[in-house]
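Note: the block below is start-v3.csv and it holds CSV, N, CA and C atoms.
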chain,number,residue,atom,x,y,z
F,100,MET,N,-19.0,42.4,-11.4
F,100,MET,CA,-19.5,43.7,-11.0
F,100,MET,C,-20.2,44.3,-12.2
F,101,THR,N,-21.4,44.8,-11.9
F,101,THR,CA,-22.2,45.3,-13.0
F,101,THR,C,-21.7,46.8,-13.3
F,102,LEU,N,-22.1,47.3,-14.5
F,102,LEU,CA,-21.8,48.7,-14.8
F,102,LEU,C,-22.4,49.6,-13.8
F,103,ARG,N,-23.7,49.3,-13.4
F,103,ARG,CA,-24.3,50.2,-12.4
F,103,ARG,C,-23.6,50.2,-11.1
F,104,THR,N,-23.1,49.0,-10.6
F,104,THR,CA,-22.4,49.0,-9.4
F,104,THR,C,-21.1,49.7,-9.5
F,105,LEU,N,-20.4,49.6,-10.7
F,105,LEU,CA,-19.2,50.3,-10.9
F,105,LEU,C,-19.4,51.8,-10.9
F,106,ALA,N,-20.5,52.2,-11.5
F,106,ALA,CA,-20.8,53.7,-11.5
F,106,ALA,C,-21.1,54.2,-10.1
F,107,ILE,N,-21.8,53.4,-9.3
F,107,ILE,CA,-22.1,53.9,-7.9
F,107,ILE,C,-20.8,53.9,-7.1
F,108,LEU,N,-20.0,52.9,-7.3
F,108,LEU,CA,-18.7,52.8,-6.6
F,108,LEU,C,-17.8,54.0,-7.0
F,109,THR,N,-17.7,54.3,-8.3
F,109,THR,CA,-16.9,55.4,-8.8
F,109,THR,C,-17.5,56.7,-8.2
F,110,ALA,N,-18.8,56.9,-8.2
F,110,ALA,CA,-19.4,58.1,-7.6
F,110,ALA,C,-19.1,58.2,-6.1
F,111,ALA,N,-19.2,57.1,-5.4
F,111,ALA,CA,-18.9,57.2,-4.0
F,111,ALA,C,-17.4,57.6,-3.7
F,112,LEU,N,-16.5,57.0,-4.5
F,112,LEU,CA,-15.1,57.4,-4.3
F,112,LEU,C,-14.9,58.8,-4.7
F,113,ALA,N,-15.6,59.3,-5.7
F,113,ALA,CA,-15.4,60.7,-6.2
F,113,ALA,C,-15.9,61.7,-5.2
F,114,ILE,N,-16.9,61.4,-4.4
F,114,ILE,CA,-17.4,62.4,-3.4
F,114,ILE,C,-16.9,62.3,-2.0
F,115,ALA,N,-16.2,61.2,-1.7
F,115,ALA,CA,-15.7,61.0,-0.4
F,115,ALA,C,-14.2,61.4,-0.2
F,116,GLY,N,-13.9,62.1,0.8
F,116,GLY,CA,-12.5,62.3,1.2
F,116,GLY,C,-11.9,63.5,0.6
F,117,PRO,N,-10.7,63.8,1.0
F,117,PRO,CA,-10.0,65.0,0.6
F,117,PRO,C,-9.6,64.9,-0.9
F,118,THR,N,-9.1,66.0,-1.4
F,118,THR,CA,-8.7,66.1,-2.8
F,118,THR,C,-7.4,65.2,-2.9
F,119,PHE,N,-7.6,64.2,-3.7
F,119,PHE,CA,-6.5,63.2,-4.1
F,119,PHE,C,-5.5,62.9,-2.9
F,120,ALA,N,-6.1,62.3,-1.9
F,120,ALA,CA,-5.3,61.9,-0.8
F,120,ALA,C,-5.4,60.4,-0.5
F,121,GLN,N,-4.4,59.8,0.0
F,121,GLN,CA,-4.5,58.4,0.3
F,121,GLN,C,-5.5,58.1,1.4
F,122,SER,N,-6.4,57.1,1.2
F,122,SER,CA,-7.3,56.8,2.2
F,122,SER,C,-6.6,56.1,3.3
F,123,ALA,N,-7.3,56.0,4.5
F,123,ALA,CA,-6.8,55.2,5.6
F,123,ALA,C,-6.7,53.8,5.0
F,124,ALA,N,-5.8,53.0,5.5
F,124,ALA,CA,-5.5,51.7,5.0
F,124,ALA,C,-6.8,50.8,5.1
F,125,ASP,N,-7.6,51.1,6.0
F,125,ASP,CA,-8.8,50.2,6.3
F,125,ASP,C,-10.1,50.6,5.6
F,126,ASP,N,-10.1,51.8,4.9
F,126,ASP,CA,-11.4,52.3,4.3
F,126,ASP,C,-12.0,51.3,3.5
F,127,VAL,N,-13.3,51.2,3.5
F,127,VAL,CA,-14.1,50.3,2.6
F,127,VAL,C,-15.3,51.0,2.1
F,128,VAL,N,-15.7,50.7,0.8
F,128,VAL,CA,-16.9,51.2,0.2
F,128,VAL,C,-17.9,50.0,0.2
F,129,VAL,N,-19.1,50.3,0.6
F,129,VAL,CA,-20.2,49.3,0.6
F,129,VAL,C,-21.2,49.8,-0.4
F,130,VAL,N,-21.6,48.9,-1.3
F,130,VAL,CA,-22.7,49.2,-2.2
F,130,VAL,C,-23.9,48.3,-1.9
F,131,VAL,N,-25.0,48.9,-1.7
F,131,VAL,CA,-26.2,48.1,-1.3
F,131,VAL,C,-27.3,48.3,-2.3
F,132,ASN,N,-28.0,47.2,-2.7
F,132,ASN,CA,-29.1,47.3,-3.6
F,132,ASN,C,-30.2,46.5,-3.0
F,133,VAL,N,-31.4,47.1,-2.9
F,133,VAL,CA,-32.6,46.4,-2.4
F,133,VAL,C,-33.7,46.5,-3.5
F,134,PRO,N,-34.3,45.4,-3.8
F,134,PRO,CA,-35.4,45.5,-4.8
F,134,PRO,C,-36.5,46.4,-4.3
F,135,THR,N,-36.9,47.3,-5.2
F,135,THR,CA,-38.0,48.3,-4.8
F,135,THR,C,-39.3,47.5,-4.8
F,136,PRO,N,-40.0,47.6,-3.7
F,136,PRO,CA,-41.4,47.0,-3.6
F,136,PRO,C,-42.3,47.5,-4.7
F,137,PRO,N,-43.2,46.7,-5.1
F,137,PRO,CA,-44.2,47.2,-6.1
F,137,PRO,C,-45.0,48.4,-5.6
F,138,GLY,N,-45.2,49.4,-6.5
F,138,GLY,CA,-45.9,50.6,-6.1
F,138,GLY,C,-45.1,51.7,-5.4
F,139,VAL,N,-43.9,51.4,-5.1
F,139,VAL,CA,-43.1,52.5,-4.4
F,139,VAL,C,-42.4,53.3,-5.5
F,140,THR,N,-42.7,54.6,-5.4
F,140,THR,CA,-42.2,55.5,-6.4
F,140,THR,C,-40.8,56.1,-6.0
F,141,ALA,N,-40.1,56.7,-6.9
F,141,ALA,CA,-38.9,57.4,-6.6
F,141,ALA,C,-39.1,58.6,-5.7
F,142,GLU,N,-40.2,59.2,-5.9
F,142,GLU,CA,-40.6,60.4,-5.0
F,142,GLU,C,-40.7,59.9,-3.5
F,143,ARG,N,-41.4,58.8,-3.3
F,143,ARG,CA,-41.5,58.2,-2.0
F,143,ARG,C,-40.2,57.8,-1.4
F,144,LEU,N,-39.3,57.2,-2.3
F,144,LEU,CA,-38.0,56.8,-1.8
F,144,LEU,C,-37.2,58.1,-1.3
F,145,ARG,N,-37.3,59.1,-2.1
F,145,ARG,CA,-36.6,60.4,-1.7
F,145,ARG,C,-37.1,60.9,-0.4
F,146,THR,N,-38.4,60.9,-0.2
F,146,THR,CA,-39.0,61.3,1.1
F,146,THR,C,-38.5,60.4,2.2
F,147,GLU,N,-38.4,59.1,2.0
F,147,GLU,CA,-37.9,58.2,3.0
F,147,GLU,C,-36.4,58.4,3.3
F,148,PHE,N,-35.7,58.7,2.3
F,148,PHE,CA,-34.2,59.0,2.4
F,148,PHE,C,-34.0,60.2,3.3
F,149,GLU,N,-34.8,61.3,3.1
F,149,GLU,CA,-34.7,62.5,3.9
F,149,GLU,C,-35.0,62.2,5.4
F,150,ALA,N,-36.0,61.4,5.6
F,150,ALA,CA,-36.4,61.1,7.0
F,150,ALA,C,-35.4,60.2,7.6
F,151,ALA,N,-34.7,59.4,6.9
F,151,ALA,CA,-33.7,58.5,7.4
F,151,ALA,C,-32.3,59.1,7.7
F,152,ALA,N,-32.0,60.2,7.0
F,152,ALA,CA,-30.7,60.8,7.0
F,152,ALA,C,-30.2,61.0,8.5
F,153,PRO,N,-31.0,61.5,9.4
F,153,PRO,CA,-30.4,61.7,10.8
F,153,PRO,C,-29.9,60.4,11.4
F,154,ARG,N,-30.6,59.3,11.1
F,154,ARG,CA,-30.1,58.0,11.7
F,154,ARG,C,-28.7,57.6,11.1
F,155,TYR,N,-28.5,57.9,9.9
F,155,TYR,CA,-27.2,57.6,9.3
F,155,TYR,C,-26.0,58.4,9.9
F,156,ARG,N,-26.4,59.6,10.3
F,156,ARG,CA,-25.3,60.5,10.9
F,156,ARG,C,-24.8,59.9,12.2
F,157,GLN,N,-25.5,58.9,12.8
F,157,GLN,CA,-25.1,58.3,14.1
F,157,GLN,C,-24.3,57.0,13.9
F,158,ILE,N,-24.1,56.5,12.7
F,158,ILE,CA,-23.4,55.2,12.5
F,158,ILE,C,-21.9,55.4,12.8
F,159,GLN,N,-21.5,54.5,13.7
F,159,GLN,CA,-20.0,54.5,14.0
F,159,GLN,C,-19.2,54.1,12.8
F,160,GLY,N,-18.2,54.9,12.5
F,160,GLY,CA,-17.3,54.6,11.4
F,160,GLY,C,-17.7,55.0,10.0
F,161,LEU,N,-19.0,55.5,9.9
F,161,LEU,CA,-19.5,55.9,8.5
F,161,LEU,C,-18.9,57.3,8.2
F,162,LYS,N,-18.2,57.4,7.0
F,162,LYS,CA,-17.7,58.7,6.6
F,162,LYS,C,-18.7,59.4,5.6
F,163,THR,N,-19.2,58.7,4.7
F,163,THR,CA,-20.2,59.2,3.7
F,163,THR,C,-21.2,58.2,3.4
F,164,LYS,N,-22.4,58.6,3.0
F,164,LYS,CA,-23.4,57.8,2.4
F,164,LYS,C,-24.1,58.5,1.3
F,165,SER,N,-24.3,57.9,0.1
F,165,SER,CA,-25.1,58.4,-1.0
F,165,SER,C,-26.3,57.5,-1.1
F,166,PHE,N,-27.5,58.0,-1.0
F,166,PHE,CA,-28.7,57.3,-1.2
F,166,PHE,C,-28.8,57.1,-2.7
F,167,THR,N,-29.3,55.9,-3.1
F,167,THR,CA,-29.3,55.6,-4.6
F,167,THR,C,-30.7,55.1,-5.0
F,168,ILE,N,-31.1,55.4,-6.2
F,168,ILE,CA,-32.3,54.9,-6.8
F,168,ILE,C,-31.9,54.4,-8.2
F,169,GLY,N,-32.2,53.1,-8.4
F,169,GLY,CA,-32.0,52.6,-9.7
F,169,GLY,C,-33.2,52.0,-10.4
F,170,GLU,N,-33.1,51.3,-11.5
F,170,GLU,CA,-34.2,50.7,-12.1
F,170,GLU,C,-34.6,49.5,-11.3
F,171,GLY,N,-35.7,49.5,-10.6
F,171,GLY,CA,-36.1,48.4,-9.8
F,171,GLY,C,-35.4,48.2,-8.5
F,172,SER,N,-34.6,49.1,-8.1
F,172,SER,CA,-33.9,48.9,-6.8
F,172,SER,C,-33.5,50.3,-6.2
F,173,PHE,N,-33.2,50.3,-5.0
F,173,PHE,CA,-32.7,51.4,-4.3
F,173,PHE,C,-31.7,51.0,-3.3
F,174,GLY,N,-31.0,51.9,-2.7
F,174,GLY,CA,-30.0,51.5,-1.7
F,174,GLY,C,-29.0,52.6,-1.4
F,175,GLY,N,-27.7,52.3,-1.5
F,175,GLY,CA,-26.8,53.3,-1.1
F,175,GLY,C,-25.3,52.9,-1.4
F,176,ALA,N,-24.5,53.9,-1.4
F,176,ALA,CA,-23.0,53.7,-1.5
F,176,ALA,C,-22.5,54.4,-0.3
F,177,TYR,N,-21.7,53.6,0.5
F,177,TYR,CA,-21.2,54.0,1.8
F,177,TYR,C,-19.7,54.0,1.8
F,178,LEU,N,-19.1,54.9,2.5
F,178,LEU,CA,-17.7,54.9,2.8
F,178,LEU,C,-17.5,54.7,4.3
F,179,PHE,N,-16.9,53.6,4.7
F,179,PHE,CA,-16.7,53.4,6.1
F,179,PHE,C,-15.2,53.5,6.4
F,180,GLU,N,-14.8,53.8,7.6
F,180,GLU,CA,-13.4,53.9,8.0
F,180,GLU,C,-12.7,52.6,8.1
F,181,ASP,N,-13.5,51.5,8.3
F,181,ASP,CA,-13.0,50.1,8.3
F,181,ASP,C,-14.0,49.1,8.1
F,182,ARG,N,-13.6,47.9,7.8
F,182,ARG,CA,-14.5,46.8,7.5
F,182,ARG,C,-15.3,46.4,8.7
F,183,ALA,N,-14.7,46.5,9.9
F,183,ALA,CA,-15.5,46.1,11.1
F,183,ALA,C,-16.7,47.0,11.3
F,184,SER,N,-16.5,48.3,11.1
F,184,SER,CA,-17.7,49.2,11.2
F,184,SER,C,-18.8,48.9,10.2
F,185,ALA,N,-18.4,48.6,9.0
F,185,ALA,CA,-19.3,48.2,7.9
F,185,ALA,C,-20.1,46.9,8.3
F,186,GLU,N,-19.3,46.0,8.7
F,186,GLU,CA,-19.9,44.7,9.1
F,186,GLU,C,-20.8,44.8,10.3
F,187,ALA,N,-20.5,45.7,11.2
F,187,ALA,CA,-21.3,45.9,12.4
F,187,ALA,C,-22.7,46.5,12.0
F,188,TRP,N,-22.7,47.4,11.0
F,188,TRP,CA,-23.9,48.0,10.5
F,188,TRP,C,-24.8,47.0,9.7
F,189,PHE,N,-24.1,46.3,8.8
F,189,PHE,CA,-24.8,45.4,7.9
F,189,PHE,C,-24.9,44.0,8.6
F,190,SER,N,-25.4,44.0,9.8
F,190,SER,CA,-25.4,42.7,10.6
F,190,SER,C,-26.5,41.8,10.1
F,191,ASP,N,-26.6,40.6,10.7
F,191,ASP,CA,-27.7,39.7,10.3
F,191,ASP,C,-29.0,40.3,10.7
F,192,ALA,N,-29.1,41.1,11.8
F,192,ALA,CA,-30.3,41.7,12.2
F,192,ALA,C,-30.8,42.8,11.2
F,193,TRP,N,-29.8,43.5,10.6
F,193,TRP,CA,-30.1,44.5,9.6
F,193,TRP,C,-30.7,43.8,8.4
F,194,ARG,N,-30.0,42.7,8.0
F,194,ARG,CA,-30.5,42.0,6.8
F,194,ARG,C,-31.9,41.4,7.0
F,195,GLN,N,-32.2,40.9,8.2
F,195,GLN,CA,-33.5,40.4,8.5
F,195,GLN,C,-34.6,41.5,8.4
F,196,ARG,N,-34.2,42.7,8.9
F,196,ARG,CA,-35.1,43.9,8.8
F,196,ARG,C,-35.4,44.3,7.4
F,197,VAL,N,-34.4,44.2,6.5
F,197,VAL,CA,-34.7,44.5,5.1
F,197,VAL,C,-35.7,43.6,4.5
F,198,VAL,N,-35.5,42.3,4.8
F,198,VAL,CA,-36.4,41.3,4.2
F,198,VAL,C,-37.8,41.5,4.8
F,199,GLN,N,-37.9,41.8,6.1
F,199,GLN,CA,-39.3,42.0,6.7
F,199,GLN,C,-39.9,43.3,6.2
F,200,THR,N,-39.1,44.3,6.0
F,200,THR,CA,-39.6,45.6,5.5
F,200,THR,C,-40.0,45.7,4.1
F,201,TYR,N,-39.1,45.1,3.2
F,201,TYR,CA,-39.2,45.2,1.8
F,201,TYR,C,-39.6,44.0,1.0
F,202,GLY,N,-39.6,42.8,1.7
F,202,GLY,CA,-40.0,41.6,1.1
F,202,GLY,C,-39.0,40.9,0.3
F,203,ALA,N,-37.7,41.3,0.4
F,203,ALA,CA,-36.6,40.7,-0.4
F,203,ALA,C,-35.3,41.0,0.3
F,204,PRO,N,-34.3,40.2,0.1
F,204,PRO,CA,-33.0,40.5,0.7
F,204,PRO,C,-32.3,41.6,-0.1
F,205,ALA,N,-31.4,42.2,0.6
F,205,ALA,CA,-30.5,43.2,0.0
F,205,ALA,C,-29.3,42.6,-0.5
F,206,ARG,N,-28.7,43.1,-1.6
F,206,ARG,CA,-27.4,42.7,-2.0
F,206,ARG,C,-26.4,43.7,-1.4
F,207,VAL,N,-25.4,43.2,-0.7
F,207,VAL,CA,-24.4,44.0,0.0
F,207,VAL,C,-23.0,43.6,-0.5
F,208,ASP,N,-22.4,44.6,-1.2
F,208,ASP,CA,-21.0,44.3,-1.7
F,208,ASP,C,-20.0,45.2,-1.0
F,209,ILE,N,-18.9,44.6,-0.5
F,209,ILE,CA,-18.0,45.4,0.3
F,209,ILE,C,-16.6,45.4,-0.5
F,210,TYR,N,-16.0,46.6,-0.7
F,210,TYR,CA,-14.8,46.7,-1.4
F,210,TYR,C,-13.8,47.5,-0.6
F,211,GLU,N,-12.5,47.1,-0.7
F,211,GLU,CA,-11.4,47.9,-0.2
F,211,GLU,C,-11.4,49.3,-0.9
F,212,ALA,N,-11.0,50.3,-0.2
F,212,ALA,CA,-10.9,51.7,-0.9
F,212,ALA,C,-9.6,52.3,-0.6
F,213,PRO,N,-8.5,51.8,-1.3
F,213,PRO,CA,-7.2,52.3,-1.0
F,213,PRO,C,-6.9,53.8,-1.4
F,214,LEU,N,-7.8,54.3,-2.2
F,214,LEU,CA,-7.6,55.7,-2.7
F,214,LEU,C,-8.9,56.4,-2.8
F,215,THR,N,-9.1,57.6,-2.2
F,215,THR,CA,-10.3,58.3,-2.3
F,215,THR,C,-10.0,59.7,-2.7
F,216,MET,N,-10.7,60.3,-3.7
F,216,MET,CA,-10.4,61.6,-4.2
F,216,MET,C,-11.7,62.4,-4.6
F,217,ASP,N,-11.6,63.7,-4.6
F,217,ASP,CA,-12.6,64.5,-5.1
F,217,ASP,C,-12.4,64.7,-6.6
F,218,GLY,N,-13.5,64.8,-7.4
F,218,GLY,CA,-13.4,65.1,-8.8
F,218,GLY,C,-13.4,66.6,-9.0
F,219,PRO,N,-13.3,67.0,-10.3
F,219,PRO,CA,-13.2,68.5,-10.5
F,219,PRO,C,-14.5,69.2,-10.1
F,220,ALA,N,-15.7,68.6,-10.1
F,220,ALA,CA,-16.9,69.2,-9.8
F,220,ALA,C,-17.0,69.6,-8.3
F,221,ALA,N,-16.1,69.0,-7.5
F,221,ALA,CA,-16.1,69.2,-6.0
F,221,ALA,C,-15.3,70.5,-5.7
F,222,GLU,N,-14.6,71.0,-6.6
F,222,GLU,CA,-13.7,72.1,-6.3
F,222,GLU,C,-14.5,73.4,-6.4
Entire entry expressed as structure tokens:
Amino acid sequence: MTLRTLAILTAALAIAGPTFAQSAADDVVVVVNVPTPPGVTAERLRTEFEAAAPRYRQIQGLKTKSFTIGEGSFGGAYLFEDRASAEAWFSDAWRQRVVQTYGAPARVDIYEAPLTMDGPAAE
């Protein structure tokens, strides 16, 4: 796990869920990284994120999503209520669309999330 992935994972865990409460036994965090196509700016990514937000509100089992922009990549940190919901969203068809749309495959890492809590900035 890279430091960037760990930072995203930590941020996702810090913003999702109630103040220091045990997560549901099946909660999972998914961290996705897609190589940014040449010429695509952070400003354009932010605009695309805003446009895509309503679609993510419809995903079964999704609790939270943070859109992310990194050096040479973009993606997200997701908290799902269970692995089945995460795997249903990140299907083979989804992976094929990413390659067709952005010209490269996404990296999708799925982690168990046994504890989710808010940090002091959330209070």
Report the distance between atom C of Glu180 (chain F) and atom C of Thr163 (chain F) in Å, rounded to one decimal place.
11.2 Å
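The space separating atom C of Tyr210 (chain F) from CA of Ala183 (chain F) comes to 11.9 Å.
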Given the choices F:Leu178, F:Val127, F:Val133, F:Ile158, which gets closest to Pro204 (chain F) if the distance is worked out from only N, CA and C atoms?
F:Val133
Just the number, please: distance in Å from atom N of Arg145 (chain F) to CA of Thr167 (chain F), one decimal.
9.1 Å
Give me, as an MDAnalysis selection string, the residues of region 141-197 of chain F that a backbone DSSP run labels strand (DSSP E).
chainID F and resid 161:169 172:179
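Taking only region 130-171 of chain F, the residues that DSSP calls alpha helix (DSSP H) from the backbone come to Ala141, Glu142, Arg143, Leu144, Arg145, Thr146, Glu147, Phe148, Glu149, Ala150, Ala151, Ala152, Pro153, Arg154 and Tyr155 of chain F.
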Could you write out the selected residues, including N, CA and C atoms, as an mmCIF file, keeping the file's coordinate frame?
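Saved result, again.cif, follows:
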data_model
loop_
_atom_site.group_PDB
_atom_site.id
_atom_site.type_symbol
_atom_site.label_atom_id
_atom_site.label_comp_id
_atom_site.auth_asym_id
_atom_site.auth_seq_id
_atom_site.Cartn_x
_atom_site.Cartn_y
_atom_site.Cartn_z
ATOM 1 N N ALA F 141 -40.100 56.700 -6.900
ATOM 2 C CA ALA F 141 -38.900 57.400 -6.600
ATOM 3 C C ALA F 141 -39.100 58.600 -5.700
ATOM 4 N N GLU F 142 -40.200 59.200 -5.900
ATOM 5 C CA GLU F 142 -40.600 60.400 -5.000
ATOM 6 C C GLU F 142 -40.700 59.900 -3.500
ATOM 7 N N ARG F 143 -41.400 58.800 -3.300
ATOM 8 C CA ARG F 143 -41.500 58.200 -2.000
ATOM 9 C C ARG F 143 -40.200 57.800 -1.400
ATOM 10 N N LEU F 144 -39.300 57.200 -2.300
ATOM 11 C CA LEU F 144 -38.000 56.800 -1.800
ATOM 12 C C LEU F 144 -37.200 58.100 -1.300
ATOM 13 N N ARG F 145 -37.300 59.100 -2.100
ATOM 14 C CA ARG F 145 -36.600 60.400 -1.700
ATOM 15 C C ARG F 145 -37.100 60.900 -0.400
ATOM 16 N N THR F 146 -38.400 60.900 -0.200
ATOM 17 C CA THR F 146 -39.000 61.300 1.100
ATOM 18 C C THR F 146 -38.500 60.400 2.200
ATOM 19 N N GLU F 147 -38.400 59.100 2.000
ATOM 20 C CA GLU F 147 -37.900 58.200 3.000
ATOM 21 C C GLU F 147 -36.400 58.400 3.300
ATOM 22 N N PHE F 148 -35.700 58.700 2.300
ATOM 23 C CA PHE F 148 -34.200 59.000 2.400
ATOM 24 C C PHE F 148 -34.000 60.200 3.300
ATOM 25 N N GLU F 149 -34.800 61.300 3.100
ATOM 26 C CA GLU F 149 -34.700 62.500 3.900
ATOM 27 C C GLU F 149 -35.000 62.200 5.400
ATOM 28 N N ALA F 150 -36.000 61.400 5.600
ATOM 29 C CA ALA F 150 -36.400 61.100 7.000
ATOM 30 C C ALA F 150 -35.400 60.200 7.600
ATOM 31 N N ALA F 151 -34.700 59.400 6.900
ATOM 32 C CA ALA F 151 -33.700 58.500 7.400
ATOM 33 C C ALA F 151 -32.300 59.100 7.700
ATOM 34 N N ALA F 152 -32.000 60.200 7.000
ATOM 35 C CA ALA F 152 -30.700 60.800 7.000
ATOM 36 C C ALA F 152 -30.200 61.000 8.500
ATOM 37 N N PRO F 153 -31.000 61.500 9.400
ATOM 38 C CA PRO F 153 -30.400 61.700 10.800
ATOM 39 C C PRO F 153 -29.900 60.400 11.400
ATOM 40 N N ARG F 154 -30.600 59.300 11.100
ATOM 41 C CA ARG F 154 -30.100 58.000 11.700
ATOM 42 C C ARG F 154 -28.700 57.600 11.100
ATOM 43 N N TYR F 155 -28.500 57.900 9.900
ATOM 44 C CA TYR F 155 -27.200 57.600 9.300
ATOM 45 C C TYR F 155 -26.000 58.400 9.900
#
Looking at only N, CA and C atoms, which of F:Phe179, F:Phe148, F:Phe166, F:Phe173 is the one that sits closest to Asp126 (chain F)?
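Of all the options, F:Phe179 lies closest to Asp126 (chain F).
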